[in-house]
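The structure appears below as structure tokens.
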Amino acid sequence: MIEYLKGEIAELTPATAIIECCGVGYETNITLNTYSALQGKKDTKLYIYEVIREDAHQLFGFSNRQERELFLLLISVSGIGGNTARTILSAFTVNELCEAIVTGNEVAIKSVKGIGLKTAQRIIIDLKDKIKGIGNDFASTATAAATVNNDVIDGAVSALVMLGFPSSAANKVVQSIVKSEPQATIEQVIKLALKQL
């Protein structure tokens, strides 16, 4: 098993990061929180979870151990796979998700696309006692507000398309968010869009 990758960030999108280690580029699936942490950096260390199946070999990368721990707990819940867990961790910071689970806030959890009421309740029941300590170890990363422009809109739409949403629906929602939240960063626009799509 790969514990972590440490190297140069060769490419970075809101959904993936390619980390070059000793001349080999590893594509890792990342959350929006990890994307925020990597922006503007040349080198990084990503904690890895690898999925090896007959038809695919996927790497999921996280900027800190707490996010990976929460990812592992999420995929232990029946009906939640790697991509769904990544979507949940893109909609919430680790602290926000831990708080939602501890307080039994199923409405917040089921606001994520693909999560119904029963799955939200299952996440709360299965993880309530397991997450103690994960969310309190670090402060959530604050994102600086940026002026919304075409780059933000294009980046948000392309990230949502990569996460599996139809281009037309993603564009419509992003445009609406940008209109009402002109100071939102690309990560904030994507997080808001994830709750609406």
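FYI, nothing fancy with the structure tokens labels: chains A, B, ... in order, residues from 1 per chain, ligands from 1 as they appear.
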
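Across segment 32-183 of chain A, DSSP run on the backbone finds strand (DSSP E or B) at Asp43, Thr44, Lys45, Leu46, Tyr47, Ile48, Tyr49, Glu50, Val51, Ile52, His57, Gln58, Leu59, Phe60, Gly61 and Phe62 of chain A.
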
Output C-alpha atoms for every residue in that selection, as a PDB file, in the first residue's frame.
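Final file, again_31.pdb:
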```pdb
ATOM      1  CA  ASP A  43       5.548  20.615  -4.084  1.00  0.00           C
ATOM      2  CA  THR A  44       3.273  18.613  -1.830  1.00  0.00           C
ATOM      3  CA  LYS A  45       2.818  15.532   0.289  1.00  0.00           C
ATOM      4  CA  LEU A  46      -0.510  13.763  -0.219  1.00  0.00           C
ATOM      5  CA  TYR A  47      -1.753  10.968   2.016  1.00  0.00           C
ATOM      6  CA  ILE A  48      -3.021   8.192  -0.228  1.00  0.00           C
ATOM      7  CA  TYR A  49      -5.790   5.626  -0.291  1.00  0.00           C
ATOM      8  CA  GLU A  50      -5.539   3.232  -3.225  1.00  0.00           C
ATOM      9  CA  VAL A  51      -8.323   1.217  -4.790  1.00  0.00           C
ATOM     10  CA  ILE A  52      -7.225  -1.780  -6.848  1.00  0.00           C
ATOM     11  CA  HIS A  57      -6.365   1.250 -10.210  1.00  0.00           C
ATOM     12  CA  GLN A  58      -7.351   4.517  -8.490  1.00  0.00           C
ATOM     13  CA  LEU A  59      -5.522   6.746  -6.054  1.00  0.00           C
ATOM     14  CA  PHE A  60      -7.327   9.134  -3.712  1.00  0.00           C
ATOM     15  CA  GLY A  61      -5.096  11.871  -2.279  1.00  0.00           C
ATOM     16  CA  PHE A  62      -5.616  14.015   0.839  1.00  0.00           C
TER      17      PHE A  62
END
```

(request) Compile the contact shell of Ser36 of chain A as a list in words: residues with an atom at most 12 Å away, counting only C-alpha atoms, same-chain residues fewer than 4 positions apart removed. (result)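 The filter keeps Leu12, Thr13, Pro14, Ala15, Thr16, Ala17, Ile30, Thr31, Leu32, Gly40, Lys41, Phe62, Ser63, Ser90, Thr93, Ser140, Thr141, Ala142, Thr143, Ala144, Thr185, Ile186, Glu187, Gln188, Ile190 and Lys191 of chain A.
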
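In terms of minimum interatomic distance to Leu73 of chain A, A:Ile134 ranks closest within A:Ile134, A:Ala37, A:Lys172, A:Lys42, counting only C-alpha atoms.
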
(request) Please provide as a PyMOL selection string all residues within 12 Å of Ala170 of chain A, with the sequence filter that same-chain residues fewer than 5 positions apart are discarded (counting only C-alpha atoms). (result) chain A and resi 153-165+175-177+189-197

Selection file, N, CA and C atoms, as a short mmCIF file (atom, residue, chain, number, x, y, z; two decimals), in the first residue's frame:
```cif
data_model
loop_
_atom_site.label_atom_id
_atom_site.label_comp_id
_atom_site.auth_asym_id
_atom_site.auth_seq_id
_atom_site.Cartn_x
_atom_site.Cartn_y
_atom_site.Cartn_z
N ILE A 153 -15.87 30.74 -13.24
CA ILE A 153 -17.04 30.05 -13.82
C ILE A 153 -16.59 28.81 -14.60
N ASP A 154 -15.59 29.00 -15.48
CA ASP A 154 -15.10 27.87 -16.30
C ASP A 154 -14.54 26.75 -15.43
N GLY A 155 -13.75 27.15 -14.41
CA GLY A 155 -13.14 26.15 -13.52
C GLY A 155 -14.18 25.38 -12.74
N ALA A 156 -15.20 26.09 -12.23
CA ALA A 156 -16.26 25.44 -11.45
C ALA A 156 -17.07 24.48 -12.33
N VAL A 157 -17.42 24.94 -13.52
CA VAL A 157 -18.21 24.08 -14.43
C VAL A 157 -17.41 22.84 -14.83
N SER A 158 -16.13 23.02 -15.18
CA SER A 158 -15.34 21.86 -15.61
C SER A 158 -15.14 20.88 -14.45
N ALA A 159 -14.99 21.39 -13.22
CA ALA A 159 -14.85 20.49 -12.05
C ALA A 159 -16.13 19.69 -11.84
N LEU A 160 -17.28 20.34 -11.97
CA LEU A 160 -18.56 19.64 -11.78
C LEU A 160 -18.79 18.61 -12.86
N VAL A 161 -18.37 18.93 -14.09
CA VAL A 161 -18.49 17.96 -15.20
C VAL A 161 -17.61 16.75 -14.91
N MET A 162 -16.37 17.00 -14.37
CA MET A 162 -15.47 15.89 -14.01
C MET A 162 -16.05 15.02 -12.91
N LEU A 163 -16.86 15.64 -12.05
CA LEU A 163 -17.49 14.88 -10.96
C LEU A 163 -18.76 14.15 -11.43
N GLY A 164 -19.10 14.31 -12.72
CA GLY A 164 -20.20 13.53 -13.29
C GLY A 164 -21.50 14.27 -13.54
N PHE A 165 -21.51 15.59 -13.38
CA PHE A 165 -22.74 16.35 -13.60
C PHE A 165 -22.82 16.79 -15.07
N GLN A 175 -23.73 29.79 -12.90
CA GLN A 175 -24.08 31.16 -13.29
C GLN A 175 -24.99 31.81 -12.23
N SER A 176 -25.95 31.03 -11.75
CA SER A 176 -26.89 31.53 -10.73
C SER A 176 -26.16 31.88 -9.43
N ILE A 177 -25.22 31.01 -9.02
CA ILE A 177 -24.46 31.23 -7.79
C ILE A 177 -23.59 32.47 -7.92
N VAL A 189 -17.95 28.31 -4.94
CA VAL A 189 -18.96 28.15 -6.00
C VAL A 189 -19.25 26.66 -6.22
N ILE A 190 -18.20 25.84 -6.26
CA ILE A 190 -18.38 24.40 -6.48
C ILE A 190 -19.13 23.77 -5.31
N LYS A 191 -18.76 24.16 -4.07
CA LYS A 191 -19.44 23.60 -2.89
C LYS A 191 -20.93 23.95 -2.88
N LEU A 192 -21.23 25.20 -3.22
CA LEU A 192 -22.64 25.60 -3.28
C LEU A 192 -23.36 24.85 -4.39
N ALA A 193 -22.68 24.68 -5.52
CA ALA A 193 -23.30 23.98 -6.65
C ALA A 193 -23.57 22.51 -6.30
N LEU A 194 -22.66 21.88 -5.55
CA LEU A 194 -22.84 20.48 -5.16
C LEU A 194 -24.11 20.30 -4.32
N LYS A 195 -24.47 21.32 -3.56
CA LYS A 195 -25.66 21.23 -2.72
C LYS A 195 -26.94 21.49 -3.51
N GLN A 196 -26.80 22.08 -4.72
CA GLN A 196 -27.99 22.40 -5.52
C GLN A 196 -28.25 21.41 -6.65
N LEU A 197 -27.19 20.77 -7.13
CA LEU A 197 -27.35 19.87 -8.28
C LEU A 197 -27.99 18.53 -7.88
#
```

(request) Name the closest residue to Gln39 of chain A among the candidates A:Ile9, A:Lys128, A:Thr119, A:Ile75; distances are taken between atoms, counting only C-alpha atoms. (result) A:Ile9

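The interatomic distance for the pair atom CA of Val112 of chain A and atom CA of Thr87 of chain A works out to 7.5 Å.
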
(request) Give me every alpha helix (DSSP H) residue in segment 100-193 of chain A, going by DSSP on the backbone, as a PyMOL selection string. (result) chain A and resi 100-102+106-109+117-127+150-162+167-180+186-193

Could you save the residues just selected, with C-alpha atoms, as a compact mmCIF listing (two decimals), in the first residue's frame?
```
# COMPACT_ATOMS: atom_id res chain seq x y z
CA ALA A 100 -23.08 17.36 11.21
CA ILE A 101 -22.58 13.70 12.17
CA VAL A 102 -22.20 14.34 15.92
CA GLU A 106 -29.23 14.56 8.45
CA VAL A 107 -30.66 17.54 6.49
CA ALA A 108 -27.15 18.93 5.91
CA ILE A 109 -25.73 15.53 4.93
CA LEU A 117 -32.33 10.42 3.80
CA LYS A 118 -31.64 6.74 4.59
CA THR A 119 -27.96 7.03 3.60
CA ALA A 120 -27.60 10.24 5.66
CA GLN A 121 -29.13 8.47 8.68
CA ARG A 122 -26.84 5.47 8.13
CA ILE A 123 -23.76 7.75 8.05
CA ILE A 124 -24.81 9.34 11.35
CA ILE A 125 -25.61 6.02 13.07
CA ASP A 126 -22.48 4.21 11.81
CA LEU A 127 -19.96 7.01 12.37
CA ASN A 150 -14.75 33.77 -16.35
CA ASP A 151 -11.89 31.63 -14.98
CA VAL A 152 -13.91 30.93 -11.81
CA ILE A 153 -17.04 30.05 -13.82
CA ASP A 154 -15.10 27.87 -16.30
CA GLY A 155 -13.14 26.15 -13.52
CA ALA A 156 -16.26 25.44 -11.45
CA VAL A 157 -18.21 24.08 -14.43
CA SER A 158 -15.34 21.86 -15.61
CA ALA A 159 -14.85 20.49 -12.05
CA LEU A 160 -18.56 19.64 -11.78
CA VAL A 161 -18.49 17.96 -15.20
CA MET A 162 -15.47 15.89 -14.01
CA SER A 167 -22.47 20.42 -18.46
CA SER A 168 -25.68 22.39 -19.10
CA ALA A 169 -27.04 21.84 -15.56
CA ALA A 170 -23.65 22.68 -14.00
CA ASN A 171 -23.34 25.87 -16.05
CA LYS A 172 -26.86 27.01 -15.14
CA VAL A 173 -26.30 26.49 -11.39
CA VAL A 174 -22.81 28.08 -11.42
CA GLN A 175 -24.08 31.16 -13.29
CA SER A 176 -26.89 31.53 -10.73
CA ILE A 177 -24.46 31.23 -7.79
CA VAL A 178 -22.01 33.73 -9.30
CA LYS A 179 -24.85 36.21 -9.77
CA SER A 180 -25.93 35.99 -6.12
CA ILE A 186 -14.04 28.78 -7.23
CA GLU A 187 -14.12 26.28 -4.30
CA GLN A 188 -17.07 28.05 -2.69
CA VAL A 189 -18.96 28.15 -6.00
CA ILE A 190 -18.38 24.40 -6.48
CA LYS A 191 -19.44 23.60 -2.89
CA LEU A 192 -22.64 25.60 -3.28
CA ALA A 193 -23.30 23.98 -6.65
```
